[in-house]
$ cat target31.cif   # mmCIF, C-alpha atoms and all ligand atoms; chains and numbers go by the auth columns
data_start
#
loop_
_atom_site.group_PDB
_atom_site.id
_atom_site.type_symbol
_atom_site.label_atom_id
_atom_site.label_comp_id
_atom_site.label_asym_id
_atom_site.label_seq_id
_atom_site.Cartn_x
_atom_site.Cartn_y
_atom_site.Cartn_z
_atom_site.B_iso_or_equiv
_atom_site.auth_seq_id
_atom_site.auth_asym_id
ATOM 1 C CA MET A 1 76.791 78.364 95.266 0.00 26 S
ATOM 2 C CA ASN A 2 78.574 80.397 97.971 0.00 27 S
ATOM 3 C CA SER A 3 78.686 84.095 97.328 0.00 28 S
ATOM 4 C CA ILE A 4 81.836 86.148 97.747 0.00 29 S
ATOM 5 C CA THR A 5 81.867 89.659 99.202 0.00 30 S
ATOM 6 C CA ILE A 6 84.824 91.959 98.560 0.00 31 S
ATOM 7 C CA ALA A 7 85.249 95.128 100.687 0.00 32 S
ATOM 8 C CA LEU A 8 86.998 98.134 99.273 0.00 33 S
ATOM 9 C CA SER A 9 86.990 101.921 99.541 0.00 34 S
ATOM 10 C CA LYS A 10 86.079 104.283 96.746 0.00 35 S
ATOM 11 C CA GLY A 11 88.603 106.715 95.346 0.00 36 S
ATOM 12 C CA ARG A 12 92.137 105.640 94.573 0.00 37 S
ATOM 13 C CA ILE A 13 91.796 102.065 95.839 0.00 38 S
ATOM 14 C CA PHE A 14 88.658 101.379 93.815 0.00 39 S
ATOM 15 C CA GLU A 15 90.231 102.927 90.717 0.00 40 S
ATOM 16 C CA GLU A 16 93.462 100.976 90.986 0.00 41 S
ATOM 17 C CA THR A 17 91.661 97.736 91.862 0.00 42 S
ATOM 18 C CA THR A 18 89.296 97.828 88.879 0.00 43 S
ATOM 19 C CA PRO A 19 91.911 96.459 86.424 0.00 44 S
ATOM 20 C CA LEU A 20 92.816 93.640 88.843 0.00 45 S
ATOM 21 C CA LEU A 21 89.154 92.720 89.278 0.00 46 S
ATOM 22 C CA LYS A 22 88.720 92.780 85.525 0.00 47 S
ATOM 23 C CA ALA A 23 91.644 90.396 85.121 0.00 48 S
ATOM 24 C CA ALA A 24 89.814 88.069 87.505 0.00 49 S
ATOM 25 C CA GLY A 25 86.669 88.383 85.363 0.00 50 S
ATOM 26 C CA ILE A 26 84.863 90.624 87.864 0.00 51 S
ATOM 27 C CA VAL A 27 83.233 93.805 86.528 0.00 52 S
ATOM 28 C CA PRO A 28 81.147 96.016 88.849 0.00 53 S
ATOM 29 C CA LEU A 29 77.733 96.978 87.461 0.00 54 S
ATOM 30 C CA ASP A 30 77.802 100.425 89.134 0.00 55 S
ATOM 31 C CA ASP A 31 80.392 103.134 89.650 0.00 56 S
ATOM 32 C CA PRO A 32 80.736 104.008 93.365 0.00 57 S
ATOM 33 C CA GLU A 33 81.712 107.602 92.475 0.00 58 S
ATOM 34 C CA SER A 34 78.333 108.277 90.873 0.00 59 S
ATOM 35 C CA SER A 35 76.109 105.722 92.580 0.00 60 S
ATOM 36 C CA ARG A 36 75.135 106.018 96.224 0.00 61 S
ATOM 37 C CA LYS A 37 74.836 102.278 96.552 0.00 62 S
ATOM 38 C CA LEU A 38 77.079 100.647 99.131 0.00 63 S
ATOM 39 C CA ILE A 39 76.566 97.150 97.743 0.00 64 S
ATOM 40 C CA LEU A 40 77.598 96.840 94.110 0.00 65 S
ATOM 41 C CA ASP A 41 76.584 93.847 92.080 0.00 66 S
ATOM 42 C CA THR A 42 79.034 92.554 89.514 0.00 67 S
ATOM 43 C CA ASN A 43 78.768 90.655 86.241 0.00 68 S
ATOM 44 C CA ARG A 44 79.305 87.517 88.330 0.00 69 S
ATOM 45 C CA PRO A 45 76.175 86.498 90.229 0.00 70 S
ATOM 46 C CA ASP A 46 78.357 85.008 92.990 0.00 71 S
ATOM 47 C CA VAL A 47 80.510 88.129 93.589 0.00 72 S
ATOM 48 C CA ARG A 48 79.509 91.468 95.110 0.00 73 S
ATOM 49 C CA LEU A 49 81.489 94.488 96.259 0.00 74 S
ATOM 50 C CA ILE A 50 80.826 96.543 99.359 0.00 75 S
ATOM 51 C CA ILE A 51 82.027 100.134 99.583 0.00 76 S
ATOM 52 C CA VAL A 52 83.316 101.132 103.034 0.00 77 S
ATOM 53 C CA ARG A 53 85.674 103.702 104.551 0.00 78 S
ATOM 54 C CA ALA A 54 89.299 102.753 103.864 0.00 79 S
ATOM 55 C CA SER A 55 90.026 102.308 107.567 0.00 80 S
ATOM 56 C CA ASP A 56 86.963 100.052 108.022 0.00 81 S
ATOM 57 C CA VAL A 57 87.983 97.463 105.391 0.00 82 S
ATOM 58 C CA PRO A 58 89.966 95.240 107.834 0.00 83 S
ATOM 59 C CA THR A 59 87.076 95.271 110.311 0.00 84 S
ATOM 60 C CA TYR A 60 84.555 93.991 107.749 0.00 85 S
ATOM 61 C CA VAL A 61 86.949 91.226 106.731 0.00 86 S
ATOM 62 C CA GLN A 62 87.952 90.343 110.311 0.00 87 S
ATOM 63 C CA TYR A 63 84.314 89.678 111.264 0.00 88 S
ATOM 64 C CA GLY A 64 83.534 87.853 108.017 0.00 89 S
ATOM 65 C CA ALA A 65 81.055 90.463 106.750 0.00 90 S
ATOM 66 C CA ALA A 66 83.379 90.507 103.748 0.00 91 S
ATOM 67 C CA ASP A 67 85.437 87.517 102.586 0.00 92 S
ATOM 68 C CA LEU A 68 88.103 89.611 100.915 0.00 93 S
ATOM 69 C CA GLY A 69 89.214 93.209 101.221 0.00 94 S
ATOM 70 C CA ILE A 70 91.747 95.630 99.829 0.00 95 S
ATOM 71 C CA ALA A 71 93.434 98.038 102.226 0.00 96 S
ATOM 72 C CA GLY A 72 96.597 100.087 102.560 0.00 97 S
ATOM 73 C CA LYS A 73 99.409 98.809 104.748 0.00 98 S
ATOM 74 C CA ASP A 74 98.938 102.006 106.797 0.00 99 S
ATOM 75 C CA VAL A 75 95.390 100.929 107.640 0.00 100 S
ATOM 76 C CA LEU A 76 96.332 97.286 108.257 0.00 101 S
ATOM 77 C CA TYR A 77 99.145 98.269 110.587 0.00 102 S
ATOM 78 C CA GLU A 78 96.805 100.392 112.702 0.00 103 S
ATOM 79 C CA HIS A 79 94.179 97.645 112.722 0.00 104 S
ATOM 80 C CA GLY A 80 96.671 95.008 113.866 0.00 105 S
ATOM 81 C CA GLY A 81 95.612 92.251 111.473 0.00 106 S
ATOM 82 C CA ALA A 82 93.635 89.985 113.844 0.00 107 S
ATOM 83 C CA GLY A 83 91.705 87.309 111.906 0.00 108 S
ATOM 84 C CA LEU A 84 93.195 88.402 108.600 0.00 109 S
ATOM 85 C CA TYR A 85 95.281 86.447 106.145 0.00 110 S
ATOM 86 C CA GLU A 86 97.392 88.763 103.969 0.00 111 S
ATOM 87 C CA PRO A 87 98.464 86.746 100.939 0.00 112 S
ATOM 88 C CA LEU A 88 99.302 89.445 98.438 0.00 113 S
ATOM 89 C CA ASP A 89 100.869 92.876 98.035 0.00 114 S
ATOM 90 C CA LEU A 90 98.867 94.366 95.145 0.00 115 S
ATOM 91 C CA GLN A 91 101.479 97.131 94.626 0.00 116 S
ATOM 92 C CA ILE A 92 98.738 99.749 94.152 0.00 117 S
ATOM 93 C CA ALA A 93 97.999 103.102 95.863 0.00 118 S
ATOM 94 C CA ARG A 94 101.680 103.395 96.721 0.00 119 S
ATOM 95 C CA CYS A 95 103.001 106.139 98.965 0.00 120 S
ATOM 96 C CA ARG A 96 105.298 106.597 101.949 0.00 121 S
ATOM 97 C CA MET A 97 104.571 107.101 105.632 0.00 122 S
ATOM 98 C CA MET A 98 106.715 110.053 106.677 0.00 123 S
ATOM 99 C CA VAL A 99 107.523 112.323 109.580 0.00 124 S
ATOM 100 C CA ALA A 100 107.165 115.959 108.511 0.00 125 S
ATOM 101 C CA VAL A 101 107.755 119.308 110.217 0.00 126 S
ATOM 102 C CA GLN A 102 107.298 122.961 109.347 0.00 127 S
ATOM 103 C CA ASN A 103 110.095 124.444 107.270 0.00 128 S
ATOM 104 C CA GLY A 104 112.701 125.832 109.667 0.00 129 S
ATOM 105 C CA PHE A 105 112.003 123.456 112.548 0.00 130 S
ATOM 106 C CA ASP A 106 115.241 121.616 113.295 0.00 131 S
ATOM 107 C CA TYR A 107 113.978 118.076 113.782 0.00 132 S
ATOM 108 C CA GLN A 108 117.412 116.438 113.993 0.00 133 S
ATOM 109 C CA GLN A 109 118.528 118.873 116.647 0.00 134 S
ATOM 110 C CA ALA A 110 115.355 118.327 118.678 0.00 135 S
ATOM 111 C CA VAL A 111 115.905 114.554 118.474 0.00 136 S
ATOM 112 C CA THR A 112 119.598 114.823 119.365 0.00 137 S
ATOM 113 C CA LYS A 113 118.837 117.083 122.331 0.00 138 S
ATOM 114 C CA GLY A 114 116.340 114.519 123.577 0.00 139 S
ATOM 115 C CA ALA A 115 113.488 117.013 123.449 0.00 140 S
ATOM 116 C CA ARG A 116 109.967 115.742 123.992 0.00 141 S
ATOM 117 C CA LEU A 117 108.135 116.098 120.673 0.00 142 S
ATOM 118 C CA ARG A 118 104.447 116.680 120.098 0.00 143 S
ATOM 119 C CA VAL A 119 103.355 114.617 117.112 0.00 144 S
ATOM 120 C CA ALA A 120 99.920 114.823 115.487 0.00 145 S
ATOM 121 C CA THR A 121 98.707 111.893 113.418 0.00 146 S
ATOM 122 C CA LYS A 122 95.902 109.606 112.333 0.00 147 S
ATOM 123 C CA TYR A 123 98.408 106.716 112.631 0.00 148 S
ATOM 124 C CA VAL A 124 98.932 106.611 116.387 0.00 149 S
ATOM 125 C CA GLN A 125 100.030 102.973 116.580 0.00 150 S
ATOM 126 C CA THR A 126 102.562 103.260 113.766 0.00 151 S
ATOM 127 C CA ALA A 127 103.914 106.539 115.135 0.00 152 S
ATOM 128 C CA ARG A 128 104.211 105.181 118.685 0.00 153 S
ATOM 129 C CA GLU A 129 106.250 102.188 117.503 0.00 154 S
ATOM 130 C CA HIS A 130 108.441 104.285 115.226 0.00 155 S
ATOM 131 C CA PHE A 131 109.463 106.787 117.894 0.00 156 S
ATOM 132 C CA ALA A 132 109.836 104.085 120.551 0.00 157 S
ATOM 133 C CA ARG A 133 112.263 102.245 118.247 0.00 158 S
ATOM 134 C CA LYS A 134 114.266 105.454 117.836 0.00 159 S
ATOM 135 C CA GLY A 135 114.139 106.185 121.557 0.00 160 S
ATOM 136 C CA VAL A 136 112.440 109.541 120.965 0.00 161 S
ATOM 137 C CA HIS A 137 109.951 110.720 123.579 0.00 162 S
ATOM 138 C CA VAL A 138 106.687 111.846 122.018 0.00 163 S
ATOM 139 C CA ASP A 139 103.260 113.043 123.039 0.00 164 S
ATOM 140 C CA LEU A 140 100.903 111.751 120.375 0.00 165 S
ATOM 141 C CA ILE A 141 97.848 113.765 119.390 0.00 166 S
ATOM 142 C CA LYS A 142 95.208 111.789 117.514 0.00 167 S
ATOM 143 C CA LEU A 143 93.695 113.541 114.492 0.00 168 S
ATOM 144 C CA TYR A 144 91.268 112.232 111.875 0.00 169 S
ATOM 145 C CA GLY A 145 92.513 114.238 108.885 0.00 170 S
ATOM 146 C CA SER A 146 94.256 117.407 107.652 0.00 171 S
ATOM 147 C CA MET A 147 97.313 116.594 109.757 0.00 172 S
ATOM 148 C CA GLU A 148 99.281 119.120 107.684 0.00 173 S
ATOM 149 C CA LEU A 149 97.597 121.936 109.574 0.00 174 S
ATOM 150 C CA ALA A 150 98.810 120.907 113.032 0.00 175 S
ATOM 151 C CA PRO A 151 102.389 122.289 112.942 0.00 176 S
ATOM 152 C CA LEU A 152 101.202 125.527 111.310 0.00 177 S
ATOM 153 C CA VAL A 153 98.908 126.448 114.188 0.00 178 S
ATOM 154 C CA GLY A 154 101.084 125.222 117.036 0.00 179 S
ATOM 155 C CA LEU A 155 99.201 122.017 117.761 0.00 180 S
ATOM 156 C CA ALA A 156 102.267 119.845 117.124 0.00 181 S
ATOM 157 C CA ASP A 157 105.996 119.957 116.330 0.00 182 S
ATOM 158 C CA ALA A 158 105.695 117.186 113.780 0.00 183 S
ATOM 159 C CA ILE A 159 103.166 115.060 111.942 0.00 184 S
ATOM 160 C CA VAL A 160 103.145 111.481 110.728 0.00 185 S
ATOM 161 C CA ASP A 161 101.270 111.237 107.432 0.00 186 S
ATOM 162 C CA LEU A 162 101.246 109.656 103.996 0.00 187 S
ATOM 163 C CA VAL A 163 103.110 111.391 101.199 0.00 188 S
ATOM 164 C CA SER A 164 102.947 110.579 97.513 0.00 189 S
ATOM 165 C CA SER A 165 103.761 113.546 95.242 0.00 190 S
ATOM 166 C CA GLY A 166 104.821 115.777 98.145 0.00 191 S
ATOM 167 C CA ASN A 167 102.574 118.579 96.871 0.00 192 S
ATOM 168 C CA THR A 168 100.439 118.736 100.005 0.00 193 S
ATOM 169 C CA LEU A 169 103.484 119.168 102.255 0.00 194 S
ATOM 170 C CA LYS A 170 104.929 121.802 99.945 0.00 195 S
ATOM 171 C CA ALA A 171 101.667 123.761 99.745 0.00 196 S
ATOM 172 C CA ASN A 172 101.629 123.937 103.539 0.00 197 S
ATOM 173 C CA ASP A 173 105.262 124.924 104.150 0.00 198 S
ATOM 174 C CA LEU A 174 106.170 121.490 105.521 0.00 199 S
ATOM 175 C CA VAL A 175 109.139 119.234 104.818 0.00 200 S
ATOM 176 C CA ALA A 176 109.524 115.482 105.215 0.00 201 S
ATOM 177 C CA VAL A 177 112.364 114.638 107.587 0.00 202 S
ATOM 178 C CA GLU A 178 112.131 110.880 107.995 0.00 203 S
ATOM 179 C CA GLU A 179 110.587 107.895 106.243 0.00 204 S
ATOM 180 C CA ILE A 180 108.780 105.366 108.424 0.00 205 S
ATOM 181 C CA MET A 181 107.695 102.823 105.807 0.00 206 S
ATOM 182 C CA ASP A 182 106.755 102.258 102.195 0.00 207 S
ATOM 183 C CA ILE A 183 103.021 101.797 101.782 0.00 208 S
ATOM 184 C CA SER A 184 101.034 99.862 99.208 0.00 209 S
ATOM 185 C CA SER A 185 97.664 98.159 99.273 0.00 210 S
ATOM 186 C CA ARG A 186 97.265 94.533 100.269 0.00 211 S
ATOM 187 C CA LEU A 187 94.651 91.910 99.650 0.00 212 S
ATOM 188 C CA VAL A 188 93.293 90.569 102.928 0.00 213 S
ATOM 189 C CA VAL A 189 91.197 87.454 103.361 0.00 214 S
ATOM 190 C CA ASN A 190 89.015 86.276 106.234 0.00 215 S
ATOM 191 C CA GLN A 191 90.767 83.168 107.562 0.00 216 S
ATOM 192 C CA ALA A 192 87.577 81.136 108.043 0.00 217 S
ATOM 193 C CA ALA A 193 86.206 82.131 104.624 0.00 218 S
ATOM 194 C CA LEU A 194 89.405 80.959 102.977 0.00 219 S
ATOM 195 C CA LYS A 195 88.837 77.473 104.393 0.00 220 S
ATOM 196 C CA LEU A 196 85.096 77.328 103.690 0.00 221 S
ATOM 197 C CA LYS A 197 85.079 78.961 100.255 0.00 222 S
ATOM 198 C CA ARG A 198 88.520 78.065 98.965 0.00 223 S
ATOM 199 C CA ALA A 199 87.138 76.798 95.637 0.00 224 S
ATOM 200 C CA GLN A 200 85.928 80.308 94.808 0.00 225 S
ATOM 201 C CA ILE A 201 88.517 82.397 96.617 0.00 226 S
ATOM 202 C CA GLN A 202 91.692 80.656 95.436 0.00 227 S
ATOM 203 C CA PRO A 203 91.138 81.413 91.703 0.00 228 S
ATOM 204 C CA ILE A 204 90.625 85.090 92.572 0.00 229 S
ATOM 205 C CA LEU A 205 93.886 85.117 94.572 0.00 230 S
ATOM 206 C CA ASP A 206 95.701 83.405 91.711 0.00 231 S
ATOM 207 C CA THR A 207 94.502 85.812 89.010 0.00 232 S
ATOM 208 C CA PHE A 208 95.288 88.806 91.228 0.00 233 S
ATOM 209 C CA ALA A 209 98.795 87.442 91.765 0.00 234 S
ATOM 210 C CA ASP A 210 99.245 86.982 87.989 0.00 235 S
ATOM 211 C CA ALA A 211 97.925 90.484 87.256 0.00 236 S
ATOM 212 C CA VAL A 212 100.333 91.989 89.811 0.00 237 S
ATOM 213 C CA ARG A 213 103.276 90.087 88.312 0.00 238 S
ATOM 214 C CA GLN A 214 102.346 91.299 84.827 0.00 239 S
ATOM 215 C CA GLN A 215 102.153 94.923 85.967 0.00 240 S
ATOM 216 C CA ALA A 216 105.535 94.754 87.714 0.00 241 S
HETATM 217 O O1 LIG B . 89.538 109.735 102.806 0.00 1 T
HETATM 218 P P1 LIG B . 89.051 108.925 103.981 0.00 1 T
HETATM 219 O O2 LIG B . 89.193 109.632 105.294 0.00 1 T
HETATM 220 O O3 LIG B . 87.746 108.237 103.760 0.00 1 T
HETATM 221 O O4 LIG B . 90.030 107.679 104.154 0.00 1 T
HETATM 222 P P2 LIG B . 91.475 107.580 103.607 0.00 1 T
HETATM 223 O O5 LIG B . 92.147 108.897 103.470 0.00 1 T
HETATM 224 O O6 LIG B . 92.170 106.540 104.460 0.00 1 T
HETATM 225 O O7 LIG B . 91.168 106.950 102.183 0.00 1 T
HETATM 226 P P3 LIG B . 91.797 107.291 100.773 0.00 1 T
HETATM 227 O O8 LIG B . 90.897 106.681 99.759 0.00 1 T
HETATM 228 O O9 LIG B . 92.147 108.732 100.667 0.00 1 T
HETATM 229 O O10 LIG B . 93.156 106.465 100.839 0.00 1 T
HETATM 230 C C1 LIG B . 93.106 105.075 100.801 0.00 1 T
HETATM 231 C C2 LIG B . 94.535 104.543 100.842 0.00 1 T
HETATM 232 O O11 LIG B . 95.297 105.041 99.748 0.00 1 T
HETATM 233 C C3 LIG B . 95.339 104.908 102.076 0.00 1 T
HETATM 234 O O12 LIG B . 95.006 104.080 103.174 0.00 1 T
HETATM 235 C C4 LIG B . 96.769 104.689 101.575 0.00 1 T
HETATM 236 O O13 LIG B . 97.153 103.344 101.755 0.00 1 T
HETATM 237 C C5 LIG B . 96.673 104.989 100.064 0.00 1 T
HETATM 238 N N1 LIG B . 97.294 106.266 99.654 0.00 1 T
HETATM 239 C C6 LIG B . 98.215 106.370 98.677 0.00 1 T
HETATM 240 C C7 LIG B . 97.079 107.495 100.158 0.00 1 T
HETATM 241 C C8 LIG B . 97.923 108.377 99.461 0.00 1 T
HETATM 242 N N2 LIG B . 98.610 107.648 98.540 0.00 1 T
HETATM 243 C C9 LIG B . 97.920 109.785 99.775 0.00 1 T
HETATM 244 N N3 LIG B . 98.672 110.557 99.187 0.00 1 T
HETATM 245 N N4 LIG B . 96.242 107.953 101.116 0.00 1 T
HETATM 246 C C10 LIG B . 96.233 109.258 101.412 0.00 1 T
HETATM 247 N N5 LIG B . 97.039 110.194 100.787 0.00 1 T
HETATM 248 C C11 LIG B . 96.887 111.601 101.236 0.00 1 T
HETATM 249 C C12 LIG B . 97.840 111.945 102.401 0.00 1 T
HETATM 250 O O14 LIG B . 97.250 111.576 103.639 0.00 1 T
HETATM 251 C C13 LIG B . 97.984 113.450 102.263 0.00 1 T
HETATM 252 O O15 LIG B . 96.923 114.161 102.851 0.00 1 T
HETATM 253 O O16 LIG B . 97.216 112.518 100.223 0.00 1 T
HETATM 254 C C14 LIG B . 97.914 113.642 100.753 0.00 1 T
HETATM 255 C C15 LIG B . 99.344 113.695 100.257 0.00 1 T
HETATM 256 O O17 LIG B . 99.413 113.490 98.883 0.00 1 T
HETATM 257 P P4 LIG B . 100.552 114.242 98.033 0.00 1 T
HETATM 258 O O18 LIG B . 100.435 113.661 96.646 0.00 1 T
HETATM 259 O O19 LIG B . 100.217 115.703 98.045 0.00 1 T
HETATM 260 O O20 LIG B . 101.882 113.948 98.656 0.00 1 T
HETATM 261 MG MG MG B . 91.601 110.469 102.076 0.00 2 T
#
$ encode --input "target31.cif" --output "structure tokens"
Amino acid sequence: MNSITIALSKGRIFEETTPLLKAAGIVPLDDPESSRKLILDTNRPDVRLIIVRASDVPTYVQYGAADLGIAGKDVLYEHGGAGLYEPLDLQIARCRMMVAVQNGFDYQQAVTKGARLRVATKYVQTAREHFARKGVHVDLIKLYGSMELAPLVGLADAIVDLVSSGNTLKANDLVAVEEIMDISSRLVVNQAALKLKRAQIQPILDTFADAVRQQA
């Protein structure tokens, strides 16, 4: 029998995916938070999970090292989606991609004046397209985390980051000034694997789709 490999990241995506996997009859035999294993066996001998960085999920699926993966739309947008089939919005790990500035910085005025803005972000591709669409000139500064710090120390006028509760912005004297897109996590499938292993993959897609509908 073909074996199926599913790539996902630990933390919120793993936690919110566990019930969907369970609905599909897939139960991991280890907990990635306590185990250091990167390959997790499941109750099904033909299904294993691999634990990778959230932003690496599309890469594993693109090259067929994983047949399926679960990744945020933020990550998929930056990756570009080559080689990936995206059949399902799982409606998990929801948040919003926002532009934020330090309290007191007049973003609208800067935009209206046509000022050139310095924007720090992990999401360079998404940010570039957003500001190009608005006709705002930006210098993008690539960061790998803790974007909230950038406006506070004069690295940038604005950041592009994910916001869910808003607590992180608040704690750092920042305010959201613009929404770029709603984010949720998507199931992605390697296009070749879908053809070759459809008999095993399709039932997983179907049960995930049912589980999402039931949670809605
Ligand atoms: O942590 P690591 O660098 O390994 O990767 P990652 O941050 O991409 O992974 P992880 O597990 O933190 O996030 C995985 C996915 O969860 C992301 O790709 C998003 O699609 C989704 N998600 C949902 C979020 C959030 N909500 C979220 N709030 N990802 C990150 N955040 C961060 C945000 O960047 C900010 O620093 O949480 C902070 C804001 O949260 P609030 O509640 O204070 O607003
Ligand atoms: Mg994180």
$ closest_residue --input "target31.cif" --among "S:Ser60, S:Gln116, S:Thr30, S:Thr232" --to "Ser210 (chain S)" --atoms "all atoms listed in the file"
S:Gln116
$ closest_residue --input "target31.cif" --among "S:Val237, S:Val100, S:Ala140, S:Leu63" --to "ligand LIG 1 (chain T)" --atoms "all atoms listed in the file"
S:Val100
$ closest_residue --input "target31.cif" --among "S:Phe130, S:Tyr88, S:Phe233, S:Tyr148" --to "Ile166 (chain S)" --atoms "only C-alpha atoms"
S:Tyr148
$ residues_around --input "target31.cif" --residues "Asn128 (chain S)" --least-positions-apart "2" --cutoff "9 Å" --atoms "only C-alpha atoms" --output "list in words"
Val126, Phe130, Asp131, Asp198, Leu199 and Val200 of chain S
$ axis_aligned_box --input "target31.cif" --around "region 175-185 of chain S" --padding-each-side "5 Å" --output "lines of an AutoDock Vina configuration file"
center_x = 102.4
center_y = 119.0
center_z = 114.2
size_x = 17.2
size_y = 25.0
size_z = 17.0
$ closest_atom_pairs --input "target31.cif" --of "chain S" --to "ligand LIG 1 (chain T)" --cutoff "6 Å" --atoms "only C-alpha atoms and all ligand atoms" --output "Markdown table"
| residue | atom | partner | partner_atom | distance |
| --- | --- | --- | --- | --- |
| S:Gly36 | CA | T:LIG1 | O8 | 5.0 |
| S:Arg37 | CA | T:LIG1 | O8 | 5.4 |
| S:Ile38 | CA | T:LIG1 | C1 | 5.9 |
| S:Arg78 | CA | T:LIG1 | O3 | 5.0 |
| S:Ala79 | CA | T:LIG1 | O6 | 4.8 |
| S:Ser80 | CA | T:LIG1 | O6 | 5.7 |
| S:Gly97 | CA | T:LIG1 | O13 | 3.4 |
| S:Lys98 | CA | T:LIG1 | O13 | 5.9 |
| S:Asp99 | CA | T:LIG1 | O13 | 5.5 |
| S:Val100 | CA | T:LIG1 | O12 | 5.5 |
| S:Ala118 | CA | T:LIG1 | C6 | 4.3 |
| S:Arg119 | CA | T:LIG1 | C6 | 5.0 |
| S:Cys120 | CA | T:LIG1 | N2 | 4.7 |
| S:Asp186 | CA | T:LIG1 | O14 | 5.5 |
| S:Leu187 | CA | T:LIG1 | C12 | 4.4 |
| S:Val188 | CA | T:LIG1 | O20 | 3.8 |
| S:Ser189 | CA | T:LIG1 | O20 | 3.7 |
| S:Ser190 | CA | T:LIG1 | O18 | 3.6 |
| S:Gly191 | CA | T:LIG1 | O20 | 3.5 |
| S:Asn192 | CA | T:LIG1 | O19 | 3.9 |
| S:Thr193 | CA | T:LIG1 | O19 | 3.6 |
| S:Ser209 | CA | T:LIG1 | O13 | 5.8 |
| S:Ser210 | CA | T:LIG1 | O13 | 5.8 |
$ write_last_selection --input "target31.cif" --atoms "C-alpha atoms" --output "CSV table (one decimal), in the coordinates of the input"
chain,number,residue,atom,x,y,z
S,36,GLY,CA,88.6,106.7,95.3
S,37,ARG,CA,92.1,105.6,94.6
S,38,ILE,CA,91.8,102.1,95.8
S,78,ARG,CA,85.7,103.7,104.6
S,79,ALA,CA,89.3,102.8,103.9
S,80,SER,CA,90.0,102.3,107.6
S,97,GLY,CA,96.6,100.1,102.6
S,98,LYS,CA,99.4,98.8,104.7
S,99,ASP,CA,98.9,102.0,106.8
S,100,VAL,CA,95.4,100.9,107.6
S,118,ALA,CA,98.0,103.1,95.9
S,119,ARG,CA,101.7,103.4,96.7
S,120,CYS,CA,103.0,106.1,99.0
S,186,ASP,CA,101.3,111.2,107.4
S,187,LEU,CA,101.2,109.7,104.0
S,188,VAL,CA,103.1,111.4,101.2
S,189,SER,CA,102.9,110.6,97.5
S,190,SER,CA,103.8,113.5,95.2
S,191,GLY,CA,104.8,115.8,98.1
S,192,ASN,CA,102.6,118.6,96.9
S,193,THR,CA,100.4,118.7,100.0
S,209,SER,CA,101.0,99.9,99.2
S,210,SER,CA,97.7,98.2,99.3
$ resolve_selection --input "target31.cif" --expression "the PyMOL selection byres (((chain S and resi 132) around 12) and not hetatm)" --output "PyMOL selection string"
chain S and resi 124-131+133-144+161+182-184+199-203
$ residues_around --input "target31.cif" --residues "Ile205 (chain S)" --least-positions-apart "4" --cutoff "8 Å" --atoms "all atoms listed in the file" --output "PyMOL selection string"
chain S and resi 121-124+155
$ atom_distance --input "target31.cif" --atom1 "CA of Leu33 (chain S)" --atom2 "CA of Ala96 (chain S)"
7.1 Å
$ atom_distance --input "target31.cif" --atom1 "CA of Tyr110 (chain S)" --atom2 "CA of Gln239 (chain S)"
23.0 Å
$ atom_distance --input "target31.cif" --atom1 "CA of Val185 (chain S)" --atom2 "CA of Gly160 (chain S)"
16.3 Å
$ resolve_selection --input "target31.cif" --expression "the PyMOL selection byres (((chain S and resi 218-224) around 10) and not hetatm)" --output "PyMOL selection string"
chain S and resi 26-29+86+89+91-93+110+214-217+225-230
$ write_last_selection --input "target31.cif" --atoms "C-alpha atoms" --output "mmCIF file, in the frame of the given file"
data_model
loop_
_atom_site.group_PDB
_atom_site.id
_atom_site.type_symbol
_atom_site.label_atom_id
_atom_site.label_comp_id
_atom_site.auth_asym_id
_atom_site.auth_seq_id
_atom_site.Cartn_x
_atom_site.Cartn_y
_atom_site.Cartn_z
ATOM 1 C CA MET S 26 76.791 78.364 95.266
ATOM 2 C CA ASN S 27 78.574 80.397 97.971
ATOM 3 C CA SER S 28 78.686 84.095 97.328
ATOM 4 C CA ILE S 29 81.836 86.148 97.747
ATOM 5 C CA VAL S 86 86.949 91.226 106.731
ATOM 6 C CA GLY S 89 83.534 87.853 108.017
ATOM 7 C CA ALA S 91 83.379 90.507 103.748
ATOM 8 C CA ASP S 92 85.437 87.517 102.586
ATOM 9 C CA LEU S 93 88.103 89.611 100.915
ATOM 10 C CA TYR S 110 95.281 86.447 106.145
ATOM 11 C CA VAL S 214 91.197 87.454 103.361
ATOM 12 C CA ASN S 215 89.015 86.276 106.234
ATOM 13 C CA GLN S 216 90.767 83.168 107.562
ATOM 14 C CA ALA S 217 87.577 81.136 108.043
ATOM 15 C CA GLN S 225 85.928 80.308 94.808
ATOM 16 C CA ILE S 226 88.517 82.397 96.617
ATOM 17 C CA GLN S 227 91.692 80.656 95.436
ATOM 18 C CA PRO S 228 91.138 81.413 91.703
ATOM 19 C CA ILE S 229 90.625 85.090 92.572
ATOM 20 C CA LEU S 230 93.886 85.117 94.572
#
$ residues_around --input "target31.cif" --residues "Ser59 (chain S)" --least-positions-apart "5" --cutoff "12 Å" --atoms "only C-alpha atoms" --output "ChimeraX atom specification"
/S:35-36,54,65
$ closest_residue --input "target31.cif" --among "S:Arg69, S:His104, S:Lys147, S:Arg61" --to "ligand MG 2 (chain T)" --atoms "only C-alpha atoms and all ligand atoms"
S:Lys147
$ closest_residue --input "target31.cif" --among "S:Ala236, S:Asp71, S:Leu101, S:Ala241" --to "Leu45 (chain S)" --atoms "all atoms listed in the file"
S:Ala236
$ closest_residue --input "target31.cif" --among "S:Lys159, S:Arg211, S:Ala32, S:Gly170" --to "ligand MG 2 (chain T)" --atoms "all atoms listed in the file"
S:Gly170
$ residues_around --input "target31.cif" --residues "Asn197 (chain S)" --least-positions-apart "6" --cutoff "9 Å" --atoms "only C-alpha atoms" --output "PyMOL selection string"
chain S and resi 127+173-174+177
